[in-house]
Each structure stands twice: as structure tokens, then as C-alpha cells.
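**Q** Here you go, this is run.tsv (TSV, C-alpha atoms).
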```tsv
chain	number	residue	atom	x	y	z
M	1	MET	CA	-22.15	-13.20	6.37
M	2	ILE	CA	-19.59	-10.78	4.98
M	3	THR	CA	-16.74	-9.17	6.95
M	4	VAL	CA	-16.04	-5.57	5.99
M	5	LEU	CA	-12.69	-3.90	6.83
M	6	PHE	CA	-12.10	-0.15	7.04
M	7	PHE	CA	-8.84	1.78	6.89
M	8	ALA	CA	-7.43	5.31	7.21
M	9	GLY	CA	-9.98	8.11	6.87
M	10	ILE	CA	-12.96	5.80	6.38
M	11	ARG	CA	-12.05	3.91	9.55
M	12	GLU	CA	-12.18	7.17	11.50
M	13	GLU	CA	-15.44	8.19	9.84
M	14	VAL	CA	-17.15	4.86	10.59
M	15	GLY	CA	-15.53	4.65	14.02
M	16	MET	CA	-14.61	0.97	13.75
M	17	ASP	CA	-12.01	-1.32	12.16
M	18	GLN	CA	-14.48	-3.84	10.87
M	19	LEU	CA	-18.05	-5.05	10.93
M	20	GLN	CA	-20.08	-8.10	9.95
M	21	VAL	CA	-22.88	-7.73	7.42
M	22	GLU	CA	-25.58	-10.39	7.26
M	23	LYS	CA	-25.70	-10.52	3.49
M	24	GLN	CA	-24.44	-12.57	0.57
M	25	ASP	CA	-24.89	-12.80	-3.21
M	26	ILE	CA	-24.87	-9.04	-3.54
M	27	THR	CA	-22.42	-7.05	-5.66
M	28	VAL	CA	-19.70	-4.78	-4.36
M	29	SER	CA	-21.61	-1.71	-5.53
M	30	GLN	CA	-24.77	-2.91	-3.73
M	31	LEU	CA	-22.73	-3.36	-0.55
M	32	LYS	CA	-21.33	0.17	-0.96
M	33	GLU	CA	-24.83	1.60	-1.34
M	34	TYR	CA	-26.03	-0.32	1.71
M	35	LEU	CA	-23.14	0.88	3.90
M	36	GLN	CA	-23.41	4.46	2.70
M	37	THR	CA	-27.05	4.57	3.72
M	38	GLU	CA	-26.66	2.59	6.93
M	39	TYR	CA	-23.62	4.47	8.25
M	40	GLN	CA	-24.09	7.83	6.51
M	41	LEU	CA	-20.66	7.62	4.90
M	42	SER	CA	-19.70	10.76	2.99
M	43	SER	CA	-18.21	8.95	0.03
M	44	LEU	CA	-17.11	5.54	-1.09
M	45	GLN	CA	-16.75	6.70	-4.71
M	46	GLN	CA	-12.95	7.09	-4.76
M	47	VAL	CA	-12.46	3.93	-2.81
M	48	MET	CA	-11.13	0.71	-4.32
M	49	VAL	CA	-12.32	-2.63	-3.09
M	50	ALA	CA	-10.46	-5.84	-2.30
M	51	VAL	CA	-12.15	-9.17	-1.71
M	52	ASN	CA	-10.08	-11.71	0.17
M	53	GLU	CA	-6.99	-9.52	-0.32
M	54	SER	CA	-7.28	-9.08	-4.11
M	55	PHE	CA	-8.54	-6.00	-5.94
M	56	VAL	CA	-11.94	-6.46	-7.60
M	57	THR	CA	-14.34	-4.35	-9.66
M	58	GLU	CA	-17.73	-3.01	-8.52
M	59	ASP	CA	-19.69	-5.79	-10.23
M	60	GLU	CA	-17.98	-8.58	-8.28
M	61	THR	CA	-20.53	-10.74	-6.44
M	62	LEU	CA	-19.88	-11.36	-2.76
M	63	LYS	CA	-20.23	-14.79	-1.23
M	64	ASP	CA	-20.80	-15.94	2.31
M	65	ARG	CA	-17.64	-15.54	4.46
M	66	ASP	CA	-15.91	-13.18	2.05
M	67	THR	CA	-13.73	-10.45	3.54
M	68	VAL	CA	-14.24	-7.11	1.84
M	69	ALA	CA	-11.77	-4.27	2.37
M	70	PHE	CA	-12.37	-0.67	1.36
M	71	ILE	CA	-9.08	0.77	0.13
M	72	PRO	CA	-8.94	4.58	-0.05
M	73	PRO	CA	-6.22	6.05	-2.34
M	74	VAL	CA	-2.95	4.71	-0.93
M	75	SER	CA	-0.09	6.88	0.36
M	76	GLY	CA	2.73	4.54	1.33
M	77	GLY	CA	6.38	5.00	0.46
P	78	MET	CA	13.97	-15.20	4.98
P	79	GLU	CA	11.09	-13.04	3.77
P	80	LEU	CA	11.81	-10.71	0.87
P	81	PHE	CA	8.63	-8.65	1.39
P	82	GLU	CA	7.64	-7.45	4.83
P	83	ILE	CA	5.62	-5.00	6.85
P	84	THR	CA	7.23	-4.21	10.19
P	85	HIS	CA	6.36	-2.24	13.33
P	86	SER	CA	10.04	-1.74	14.22
P	87	PRO	CA	12.91	0.32	12.75
P	88	ILE	CA	14.22	-1.11	9.46
P	89	SER	CA	17.81	-2.25	9.04
P	90	VAL	CA	19.12	-1.26	5.59
P	91	GLU	CA	21.98	-3.70	6.06
P	92	ALA	CA	19.53	-6.57	6.54
P	93	LEU	CA	17.77	-5.74	3.26
P	94	ILE	CA	21.12	-5.60	1.43
P	95	ASN	CA	22.01	-9.01	2.82
P	96	LYS	CA	18.72	-10.46	1.53
P	97	VAL	CA	19.56	-9.63	-2.09
P	98	SER	CA	23.34	-10.08	-1.91
P	99	ARG	CA	24.51	-13.00	-4.10
P	100	ARG	CA	27.49	-14.11	-6.15
P	101	GLU	CA	25.91	-13.23	-9.54
P	102	ALA	CA	25.28	-9.62	-8.46
P	103	GLY	CA	27.57	-6.83	-9.63
P	104	ALA	CA	25.32	-4.10	-8.23
P	105	ILE	CA	22.93	-3.51	-5.36
P	106	THR	CA	20.80	-0.37	-5.25
P	107	THR	CA	18.97	0.73	-2.13
P	108	PHE	CA	16.15	3.22	-1.85
P	109	ILE	CA	15.44	4.62	1.61
P	110	GLY	CA	12.18	6.51	2.01
P	111	THR	CA	12.33	8.87	5.00
P	112	VAL	CA	9.90	11.14	6.83
P	113	ARG	CA	10.19	14.68	5.48
P	114	GLU	CA	9.66	17.70	7.73
P	115	PHE	CA	8.27	20.19	5.20
P	116	THR	CA	5.77	19.48	2.43
P	117	LYS	CA	4.84	22.52	0.34
P	118	GLY	CA	5.90	24.78	3.20
P	119	LYS	CA	3.79	22.99	5.79
P	120	LYS	CA	5.61	21.59	8.80
P	121	THR	CA	5.03	17.94	9.64
P	122	LEU	CA	5.57	16.98	13.30
P	123	SER	CA	5.27	13.23	12.80
P	124	LEU	CA	3.60	10.61	10.65
P	125	GLU	CA	1.58	7.50	11.27
P	126	TYR	CA	1.48	4.69	8.72
P	127	GLN	CA	-1.32	2.15	8.68
P	128	ALA	CA	-1.45	-0.95	6.47
P	129	TYR	CA	-3.85	-3.71	5.53
P	130	GLU	CA	-0.97	-5.95	6.45
P	131	PRO	CA	-1.66	-9.34	4.81
P	132	MET	CA	-2.72	-7.68	1.55
P	133	ALA	CA	0.18	-5.20	1.68
P	134	VAL	CA	2.63	-8.12	1.88
P	135	LYS	CA	0.85	-9.77	-1.06
P	136	MET	CA	1.04	-6.60	-3.13
P	137	LEU	CA	4.74	-6.07	-2.30
P	138	SER	CA	5.37	-9.60	-3.44
P	139	GLN	CA	3.33	-8.93	-6.62
P	140	ILE	CA	5.67	-5.99	-7.31
P	141	GLY	CA	8.55	-8.47	-6.89
P	142	ASP	CA	6.89	-10.71	-9.51
P	143	GLU	CA	6.40	-7.80	-11.89
P	144	ILE	CA	10.09	-6.89	-11.55
P	145	GLN	CA	11.05	-10.50	-12.18
P	146	GLN	CA	9.10	-10.41	-15.44
P	147	LYS	CA	10.54	-7.10	-16.62
P	148	TRP	CA	14.10	-7.71	-15.40
P	149	PRO	CA	14.55	-11.49	-15.02
P	150	ASP	CA	18.01	-11.19	-13.43
P	151	ALA	CA	16.96	-8.74	-10.67
P	152	LEU	CA	16.35	-9.81	-7.07
P	153	THR	CA	14.22	-7.50	-4.92
P	154	ALA	CA	13.53	-7.11	-1.20
P	155	ILE	CA	11.15	-4.52	0.27
P	156	THR	CA	10.28	-3.67	3.88
P	157	HIS	CA	7.76	-0.99	4.81
P	158	ARG	CA	7.35	0.22	8.38
P	159	VAL	CA	4.00	1.07	9.97
P	160	GLY	CA	3.05	2.90	13.17
P	161	LYS	CA	4.16	6.30	14.36
P	162	LEU	CA	7.36	7.71	12.83
P	163	ASP	CA	9.32	10.87	13.59
P	164	ILE	CA	10.98	13.25	11.11
P	165	THR	CA	14.04	11.63	9.40
P	166	GLU	CA	12.99	8.10	10.36
P	167	VAL	CA	13.00	5.40	7.67
P	168	ALA	CA	9.57	4.40	6.35
P	169	VAL	CA	10.53	2.08	3.51
P	170	VAL	CA	13.64	0.33	2.20
P	171	ILE	CA	13.94	-1.27	-1.23
P	172	ALA	CA	17.04	-3.26	-2.19
P	173	VAL	CA	17.59	-4.66	-5.68
P	174	SER	CA	20.57	-6.68	-6.84
P	175	SER	CA	21.46	-7.49	-10.44
P	176	PRO	CA	24.51	-8.52	-12.48
P	177	HIS	CA	24.78	-4.99	-13.97
P	178	ARG	CA	23.90	-1.62	-12.41
P	179	LYS	CA	21.28	-0.33	-14.91
P	180	THR	CA	18.79	-3.03	-14.01
P	181	ALA	CA	19.26	-2.46	-10.28
P	182	TYR	CA	18.59	1.29	-10.68
P	183	GLU	CA	15.57	0.87	-12.97
P	184	ALA	CA	13.92	-1.92	-11.04
P	185	ASN	CA	14.36	-0.04	-7.78
P	186	GLU	CA	12.58	3.05	-9.12
P	187	TYR	CA	9.83	0.88	-10.59
P	188	ALA	CA	9.28	-0.67	-7.14
P	189	ILE	CA	8.71	2.65	-5.31
P	190	GLU	CA	6.37	3.92	-8.05
P	191	ARG	CA	4.29	0.73	-7.80
P	192	ILE	CA	4.20	0.93	-3.98
P	193	LYS	CA	2.56	4.33	-4.35
P	194	GLN	CA	-0.07	2.83	-6.67
P	195	ILE	CA	-1.14	-0.58	-5.41
P	196	VAL	CA	0.07	-1.32	-1.87
P	197	PRO	CA	-2.61	-0.74	0.80
P	198	ILE	CA	-0.62	1.53	3.12
P	199	TRP	CA	-1.77	4.97	4.25
P	200	LYS	CA	-0.03	7.81	6.03
P	201	LYS	CA	-1.53	10.27	8.45
P	202	GLU	CA	0.20	13.63	8.78
P	203	PHE	CA	0.38	15.32	12.18
P	204	TRP	CA	0.77	19.09	11.90
P	205	GLU	CA	0.80	21.86	14.52
P	206	ASP	CA	-2.80	22.68	13.61
P	207	GLY	CA	-4.30	19.27	12.99
P	208	THR	CA	-4.07	15.86	11.35
P	209	LYS	CA	-5.06	14.31	8.04
P	210	TRP	CA	-5.02	10.95	6.31
P	211	ILE	CA	-3.22	11.57	3.03
P	212	GLY	CA	-4.70	10.15	-0.15
P	213	ASP	CA	-3.12	10.04	-3.54
P	214	GLN	CA	-0.64	12.96	-3.11
P	215	LEU	CA	-0.28	13.99	-6.72
P	216	GLU	CA	-3.88	13.35	-7.72
P	217	THR	CA	-2.57	11.52	-10.72
P	218	VAL	CA	-3.87	8.09	-9.84
P	219	GLU	CA	-7.06	7.13	-11.55
P	220	TYR	CA	-8.55	3.74	-11.87
P	221	PRO	CA	-10.43	3.73	-15.19
P	222	GLU	CA	-11.27	0.07	-14.81
P	223	GLY	CA	-12.25	0.46	-11.19
P	224	LYS	CA	-9.03	-1.11	-9.95
P	225	PRO	CA	-5.31	-0.74	-10.50
P	226	SER	CA	-3.98	-2.47	-13.59
P	227	LYS	CA	-1.85	-5.54	-13.09
P	228	GLY	CA	1.72	-5.30	-14.27
P	229	GLU	CA	1.55	-2.14	-16.33
P	230	SER	CA	2.89	1.04	-14.83
P	231	MET	CA	0.25	3.75	-14.84
```
The structure in this file should be written as C-alpha cells.
**A**
Amino acid sequence: MITVLFFAGIREEVGMDQLQVEKQDITVSQLKEYLQTEYQLSSLQQVMVAVNESFVTEDETLKDRDTVAFIPPVSGG
Amino acid sequence: MELFEITHSPISVEALINKVSRREAGAITTFIGTVREFTKGKKTLSLEYQAYEPMAVKMLSQIGDEIQQKWPDALTAITHRVGKLDITEVAVVIAVSSPHRKTAYEANEYAIERIKQIVPIWKKEFWEDGTKWIGDQLETVEYPEGKPSKGESM
């Protein structure tokens, strides 16, 4: 099972802070495709991804109990 | 004492200065990021900052490590506030101490530039006619490798 976290505009689009996905051994880009289809998200293209609080690339493979966060372009400061 | 923090309360600049104050320092620079009323002529009523808090703290501390590598004699403390902020309120404070002033100035500017690149914090603008989550404001941030580079300024 993978925990997925949403922030900022994506959080509002999805309508929730987080969700659990019953999957493992899939890549980040496969997870993106799955979520885009399942939740009709407009775009996850510009969005960076962190696994367990570290930035990763699209080809990273997700393991059971990983926490994946979608990070839209940041605007702190 | 934590050098890198996300807080839900008003930030004390004095407290940040005290964190980096030390006998070897001949200079302390502070950067205070505040909520601006007008951006490109558009009036902001208030702002809301949201953070992925544990990762934001990690990334702030990574910026501290990067500064340590570039300027070994600098000591940095950063606090970023989240939640709803009014015009003129303080959103972020960066304090850097160093034996000589040039390092404290340079490292401080480096810190705010890196915050705008890698720290998972977002702001939502509230205007008279609506709201919006702001992305990369200058549209200059690209991630050719799919993620921000480590260490190098982009």
C-alpha cells in the first residue's frame, strides 16, 4: 500500500489531503497515470515527486508503505 | 535549539539572530520576507502559506548544509511561517552569521533563492475577485532532470 499526499492546487482539485493506493512495485510515472485516470486530474506534468520526503525522478519504483508526495512548483519565501 | 523551522505563529527576528550569534561572528545579516500588498498592480488582501512540513524542514536544513559547503564559516538559521498572513506580516526570516560581512550577505541571498526552488511551501493569494495557488512566480524554474539539482544554484 502506498500513501499519496496532495498539496496546494492539486489538493483542492482532488478534494483531499491524502489517499491510500493498494499498489506497489510500480514506477512514479505509472502512479501518476493511474491517478490522472482515476481522479480525472487536469495535469501532473509540472509536478515534482518526493518519496519519503526526498525528491525522486519519474522512473523511481515505489515499494509497499512508501509515502509519495506530489509537489507542484513551490512559492515560499 | 532548532536552526530550521516551520511555524504557525509570528516569527521573532530577535530569536533568529540569537540562534546564530557567536563569539567568532563579526557580522549577522537578516532577511525578512513580508507580505506585499500589490503585485503587478493587483491588490492582495491576504495570503495563506501551506507546507509539506517534515520535508520543508529537511529541505531548509539541506540549504544550511549547502551553505556550510560553500561558506564553511557561515552559520544559518531559517524560520518560515505557514497559515493565513495579512499584508506586512513576516513570512520568512533568514539569519546568517560569519566572521566577515561578505559571507553573511552572500549566504543569506543564496538561502532565499534556494527556498524559492526546493522547499515545499506554497502560497495562496486572496484578491478582491478570487483566490489562486501561486506556482513558480517567474516561470524560470525548470527541472530538466525531473527534479531540482542538489547543491547547484539553478
**Q** Would you list the contacts of segment 161-176 of chain P as a PyMOL selection string, taking every protein, DNA or RNA residue within 9 Å and counting all atoms listed in the file, but skipping same-chain residues closer than 3 positions in sequence?
**A** (chain M and resi 76-77) or (chain P and resi 85+87-90+93-94+96-114+121-127+148+150-158+179-182+184-185+188-189)
**Q** To one decimal in Å, tell me the separation between atom CA of Leu62 of chain M and atom CA of Phe6 of chain M.
**A**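 One can read the atom CA of Leu62 of chain M to atom CA of Phe6 of chain M distance as 16.8 Å.
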**Q** Atom CA of Thr84 of chain P to atom CA of Ile211 of chain P: how many Å, to one decimal?
**A** 20.2 Å
**Q** Counting all atoms listed in the file, a student should be able to say which residues of chain P come within 6 Å of chain M; what is the right answer, written as a list in words?
**A**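 On the chain P side, the interface is Met132, Val169, Lys193, Pro197, Ile198, Trp199, Lys200, Trp210, Gly212, Asp213 and Gly223 of chain P.
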**Q** Just want the 10 Å neighbourhood of Leu41 of chain M, counted on only C-alpha atoms, with same-chain residues fewer than 2 positions away dropped. Output as a PyMOL selection string.
**A** chain M and resi 10+13-14+32-33+35-39+43-44
**Q** May I have the residues from that selection written out with C-alpha atoms, as a PDB file, in the coordinates of the input?
**A**
```pdb
ATOM      1  CA  ILE M  10     -12.960   5.800   6.380  1.00  0.00           C
ATOM      2  CA  GLU M  13     -15.440   8.190   9.840  1.00  0.00           C
ATOM      3  CA  VAL M  14     -17.150   4.860  10.590  1.00  0.00           C
ATOM      4  CA  LYS M  32     -21.330   0.170  -0.960  1.00  0.00           C
ATOM      5  CA  GLU M  33     -24.830   1.600  -1.340  1.00  0.00           C
ATOM      6  CA  LEU M  35     -23.140   0.880   3.900  1.00  0.00           C
ATOM      7  CA  GLN M  36     -23.410   4.460   2.700  1.00  0.00           C
ATOM      8  CA  THR M  37     -27.050   4.570   3.720  1.00  0.00           C
ATOM      9  CA  GLU M  38     -26.660   2.590   6.930  1.00  0.00           C
ATOM     10  CA  TYR M  39     -23.620   4.470   8.250  1.00  0.00           C
ATOM     11  CA  SER M  43     -18.210   8.950   0.030  1.00  0.00           C
ATOM     12  CA  LEU M  44     -17.110   5.540  -1.090  1.00  0.00           C
TER      13      LEU M  44
END
```
**Q** Nearest residue to Thr3 of chain M out of M:Thr67, M:Gln30, M:Gln24, M:Gln45, using all atoms listed in the file?
**A**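 Looking at the shortest contact to Thr3 of chain M, the residue is M:Thr67.
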**Q** Select, from M:Val28, M:Val51, M:Met16, M:Ser42, the residue with the minimum atom-to-atom distance to Arg65 of chain M, counting all atoms listed in the file.
**A**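 Nearest to Arg65 of chain M: M:Val51.
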